[in-house]
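Shown next: data-v8.txt, given as compact mmCIF, C-alpha atoms.
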# COMPACT_ATOMS: atom_id res chain seq x y z
CA MET A 1 109.94 104.15 67.11
CA THR A 2 112.67 106.60 68.19
CA MET A 3 112.73 104.83 71.53
CA LEU A 4 114.60 101.82 70.06
CA PRO A 5 117.74 103.69 68.90
CA GLU A 6 117.77 105.63 72.18
CA SER A 7 117.52 102.43 74.24
CA ILE A 8 120.32 100.79 72.24
CA LEU A 9 122.54 103.86 72.56
CA LEU A 10 121.90 104.25 76.30
CA HIS A 11 122.85 100.61 76.85
CA ALA A 12 125.96 100.87 74.65
CA GLN A 13 127.11 104.06 76.41
CA SER A 14 126.65 102.44 79.83
CA LEU A 15 129.30 99.81 79.01
CA PRO A 16 132.99 100.30 79.80
CA GLU A 17 135.37 101.20 76.94
CA GLY A 18 135.37 98.42 74.35
CA GLY A 19 132.10 96.91 75.58
CA VAL A 20 130.35 95.15 72.70
CA VAL A 21 126.70 95.26 71.71
CA SER A 22 124.93 92.74 69.48
CA PRO A 23 121.42 92.80 67.96
CA LYS A 24 120.24 89.75 69.96
CA GLU A 25 120.49 91.76 73.19
CA PHE A 26 117.58 93.96 72.06
CA LEU A 27 115.10 91.41 70.68
CA HIS A 28 112.79 92.16 73.62
CA LEU A 29 112.47 95.76 72.32
CA GLY A 30 111.43 95.09 68.72
CA SER A 31 111.74 92.97 65.60
CA ARG A 32 115.16 91.94 64.32
CA ALA A 33 114.66 94.14 61.24
CA ALA A 34 113.88 97.19 63.41
CA ILE A 35 116.91 96.51 65.61
CA ASP A 36 119.21 96.10 62.59
CA GLN A 37 117.83 99.35 61.14
CA ALA A 38 118.40 101.20 64.43
CA LEU A 39 121.97 99.87 64.69
CA SER A 40 122.61 100.87 61.07
CA ARG A 41 121.28 104.39 61.69
CA LEU A 42 123.38 104.80 64.86
CA THR A 43 126.45 103.65 62.94
CA LYS A 44 125.81 106.11 60.09
CA GLU A 45 125.43 108.91 62.65
CA GLY A 46 128.80 107.96 64.17
CA LYS A 47 127.28 107.07 67.55
CA LEU A 48 128.29 103.40 67.20
CA LEU A 49 131.13 101.65 65.35
CA ARG A 50 130.50 98.35 63.56
CA VAL A 51 133.58 96.26 64.37
CA ALA A 52 132.36 92.98 62.86
CA ARG A 53 129.15 91.45 61.57
CA GLY A 54 126.56 91.87 64.33
CA THR A 55 129.06 93.49 66.72
CA TYR A 56 129.10 97.17 67.64
CA VAL A 57 130.99 99.37 70.11
CA THR A 58 130.69 102.96 71.27
CA PRO A 59 133.45 105.32 70.08
CA VAL A 60 135.47 106.99 72.84
CA SER A 61 135.15 110.77 73.03
CA ASN A 62 137.83 113.02 74.43
CA ARG A 63 138.90 116.63 74.01
CA PHE A 64 140.62 115.76 70.69
CA GLY A 65 137.50 114.22 69.17
CA THR A 66 136.42 110.59 68.97
CA ARG A 67 138.43 107.43 68.49
CA ALA A 68 137.83 103.71 68.37
CA PRO A 69 138.13 101.90 71.71
CA ALA A 70 141.44 100.21 72.57
CA PRO A 71 141.69 96.92 70.59
CA GLU A 72 142.55 94.77 73.62
CA LYS A 73 139.44 96.04 75.45
CA VAL A 74 137.18 95.16 72.51
CA VAL A 75 138.81 91.74 72.12
CA HIS A 76 138.42 90.95 75.84
CA ALA A 77 134.79 92.15 75.83
CA LEU A 78 134.07 89.87 72.84
CA ALA A 79 135.74 86.97 74.66
CA ALA A 80 133.66 87.60 77.78
CA GLN A 81 130.45 87.75 75.72
CA SER A 82 131.16 84.57 73.73
CA GLY A 83 132.98 82.55 76.41
CA GLU A 84 136.06 82.18 74.20
CA VAL A 85 139.64 82.08 75.41
CA VAL A 86 141.54 85.02 73.86
CA THR A 87 145.25 85.73 74.32
CA PRO A 88 147.91 87.86 72.64
CA HIS A 89 149.66 86.31 69.62
CA GLY A 90 152.97 84.44 70.03
CA ALA A 91 154.92 87.36 68.54
CA ASN A 92 153.60 89.66 71.29
CA ALA A 93 154.36 87.00 73.91
CA ALA A 94 157.93 86.54 72.60
CA ASN A 95 158.46 90.30 72.74
CA ALA A 96 156.96 90.61 76.25
CA LEU A 97 159.14 87.73 77.51
CA GLY A 98 162.29 89.30 76.04
CA LEU A 99 162.88 86.54 73.46
CA THR A 100 162.82 88.99 70.55
CA GLN A 101 163.12 92.71 69.97
CA GLN A 102 160.66 92.54 67.06
CA VAL A 103 157.43 94.38 67.65
CA PRO A 104 154.48 93.06 65.62
CA ILE A 105 153.10 95.55 63.08
CA ARG A 106 149.54 94.21 63.12
CA GLU A 107 147.53 93.52 66.23
CA VAL A 108 146.80 89.79 66.32
CA TYR A 109 145.10 87.78 69.04
CA LEU A 110 144.58 84.04 69.31
CA THR A 111 141.18 82.59 70.18
CA SER A 112 139.46 79.31 70.88
CA GLY A 113 136.61 80.65 68.70
CA ARG A 114 136.45 81.35 64.99
CA THR A 115 138.89 83.53 63.04
CA ARG A 116 137.65 87.04 62.27
CA THR A 117 138.84 90.55 61.56
CA LEU A 118 137.66 93.48 63.65
CA LYS A 119 137.58 96.97 62.16
CA LEU A 120 138.40 99.63 64.74
CA GLY A 121 138.41 102.97 63.01
CA ARG A 122 141.27 102.90 60.51
CA SER A 123 142.97 99.86 61.99
CA GLU A 124 142.16 96.17 61.71
CA VAL A 125 142.66 93.61 64.44
CA MET A 126 143.00 89.95 63.52
CA VAL A 127 141.51 87.38 65.91
CA LYS A 128 142.81 83.98 64.74
CA HIS A 129 141.62 80.55 65.77
CA ALA A 130 144.40 78.69 67.58
CA PRO A 131 144.77 75.00 68.44
CA ARG A 132 143.75 74.02 71.97
CA TRP A 133 147.34 73.31 73.11
CA MET A 134 148.33 76.91 72.38
CA LEU A 135 145.68 78.24 74.76
CA ALA A 136 145.74 75.44 77.36
CA LEU A 137 147.87 77.29 79.92
CA GLY A 138 145.81 80.49 79.69
CA ALA A 139 147.00 84.08 79.72
CA GLY A 140 149.68 83.74 82.43
CA PRO A 141 153.46 83.62 81.87
CA ALA A 142 153.56 79.84 81.21
CA GLY A 143 150.82 80.17 78.56
CA ALA A 144 152.64 83.14 77.02
CA ALA A 145 155.81 81.01 76.96
CA VAL A 146 154.02 78.26 74.96
CA ARG A 147 152.77 80.79 72.39
CA ALA A 148 156.18 82.48 72.22
CA LEU A 149 157.91 79.13 71.63
CA ALA A 150 155.39 78.23 68.92
CA TRP A 151 156.07 81.55 67.19
CA MET A 152 159.89 81.25 67.57
CA GLY A 153 159.73 77.73 66.08
CA PRO A 154 161.89 74.59 66.39
CA ALA A 155 165.04 76.33 65.10
CA HIS A 156 165.16 78.72 68.08
CA VAL A 157 163.52 76.61 70.78
CA GLY A 158 166.76 75.74 72.65
CA GLU A 159 168.01 79.29 73.20
CA SER A 160 164.46 80.50 73.90
CA LEU A 161 163.93 77.87 76.61
CA ALA A 162 167.30 78.67 78.22
CA ALA A 163 166.19 82.32 78.47
CA LEU A 164 162.73 81.36 79.76
CA ARG A 165 164.19 79.12 82.47
CA ARG A 166 166.14 82.14 83.76
CA THR A 167 163.29 84.66 83.51
CA LEU A 168 160.06 82.77 84.34
CA PRO A 169 159.09 82.55 88.02
CA PRO A 170 159.81 79.00 89.32
CA ALA A 171 156.10 78.16 89.64
CA GLU A 172 155.49 79.19 86.01
CA TRP A 173 158.48 77.15 84.83
CA ARG A 174 157.04 74.11 86.67
CA THR A 175 153.64 74.76 85.03
CA LEU A 176 155.32 74.85 81.63
CA THR A 177 157.32 71.64 82.18
CA SER A 178 154.32 69.77 83.61
CA ALA A 179 152.22 70.60 80.51
CA ARG A 180 154.56 68.79 78.07
CA ALA A 181 152.06 66.01 77.28
CA ALA A 182 149.65 68.54 75.74
CA LEU A 183 152.28 70.23 73.54
CA PRO A 184 153.67 69.34 70.08
CA SER A 185 156.49 66.74 70.17
CA TRP A 186 159.30 69.14 69.19
CA MET A 187 158.34 71.54 71.97
CA ALA A 188 157.78 68.84 74.59
CA ARG A 189 161.19 67.28 73.82
CA ALA A 190 162.98 70.64 74.04
CA ILE A 191 161.28 71.55 77.33
CA GLY A 192 162.19 68.14 78.77
CA GLU A 193 165.82 68.56 77.70
CA GLU A 194 165.99 72.06 79.22
CA ALA A 195 164.40 70.83 82.46
CA LEU A 196 167.11 68.12 82.73
CA ARG A 197 169.81 70.81 82.52
CA GLY A 198 168.28 72.59 85.50

Please go through the file and, once you have read it, give me the structure as C-alpha cells.
Amino acid sequence: MTMLPESILLHAQSLPEGGVVSPKEFLHLGSRAAIDQALSRLTKEGKLLRVARGTYVTPVSNRFGTRAPAPEKVVHALAAQSGEVVTPHGANAANALGLTQQVPIREVYLTSGRTRTLKLGRSEVMVKHAPRWMLALGAGPAGAAVRALAWMGPAHVGESLAALRRTLPPAEWRTLTSARAALPSWMARAIGEEALRG
C-alpha cells in the first residue's frame, strides 16, 4: 500500500506553491480511511503540512530549509478549489489605498465561504466570512475601496472618500458610486454626497 502515499505526494508536489490537496481527490485510489492514514503519515514525515481540517499543502524547500507556502497563495488556491470569493481584509485595503499607515499584524482575508483559521507553519491566517455587499465589487480597486471604507467606519468615511476620489481611477470611482444600492446606508449616503462634490 506504499503506492497511495507516493501517489498523493506526487500530486501534491506537482501543484504550484500553495496548491491545496484534500482527501476527496484520492478516493479513486483507496478507502477514505487509507487516504486519511496516508495523509497523516505524510504530515508526520514533514512532506505535507495540514493547514486546516481536510486541507494539506506541500512545504516549500529552498537552500535555507523548508517553509510554509505564502499565505495568499494558499488562500487563493482554497478559493479556486471551493469556488469562494476571497479578498484581503479591509485593513489591508485601507493601507494599500493610502487611507491609513497602520499595517495589520495578523493576516486576515474575507470570504464568501465559512470562517476558518489556516495554520501555516508557526503563523495563523484568518479567513473570515463577510457579507455579500463587502465582496460584491470583487478584488479590484472599487471593491478594495468598499472594504477599506467598512474598516475605517462611519466616523472617517468623509475624509476617506475625499482621498479615494482623488486616487481611484475614474472608471473605478464610477463603479464605486454606481454600486451604492448594494451598500449599507451610511456608506451609500457618504458616497452620494462625495459624488455630488465632484

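Residues within 10 Å of Val103 (chain A), counting all atoms listed in the file and excluding same-chain residues fewer than 2 positions away, are Ala91, Asn92, Ala94, Asn95, Ala96, Thr100, Gln101, Ile105 and Arg106 of chain A.
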
Residue nearest Val21 (chain A) among A:Ala68, A:Val60, A:Met3, A:Leu78 (counting only C-alpha atoms) = A:Leu78

What separates CA of Gly54 (chain A) and CA of Ser22 (chain A) is a distance of 5.5 Å

Using all atoms listed in the file, the best pick from A:Gly65, A:Gly46, A:Pro59, A:Pro184 as closest to Glu17 (chain A) would be A:Pro59

So, counting all atoms listed in the file, which residue among A:Arg165, A:Thr175, A:Ala139, A:Asn62 is closest to Glu193 (chain A)?
->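 Ranking A:Arg165, A:Thr175, A:Ala139, A:Asn62 by distance to Glu193 (chain A), first place goes to A:Arg165.
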
Selection: 12 Å around Gln81 (chain A), only C-alpha atoms, excl. self and same-chain fewer than 2 positions, as a VMD selection string = chain A and resid 18 to 22 24 to 25 55 74 to 79 83 to 86 113

A:Val51, A:Ala144, A:Ala190, A:Ala182 ranked by distance to Pro88 (chain A), top pick (using all atoms listed in the file) =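 That would be A:Ala144, the residue with the smallest distance to Pro88 (chain A).
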
Correct to one decimal, the distance CA of Tyr109 (chain A)-CA of Lys128 (chain A) is 6.2 Å

Name the residues in contact with Leu49 (chain A) at a cut-off of 10 Å, using only C-alpha atoms, excluding same-chain residues fewer than 4 positions from it; report them as a VMD selection string.
-> chain A and resid 20 39 to 40 42 to 45 55 to 59 67 to 69 119 to 121
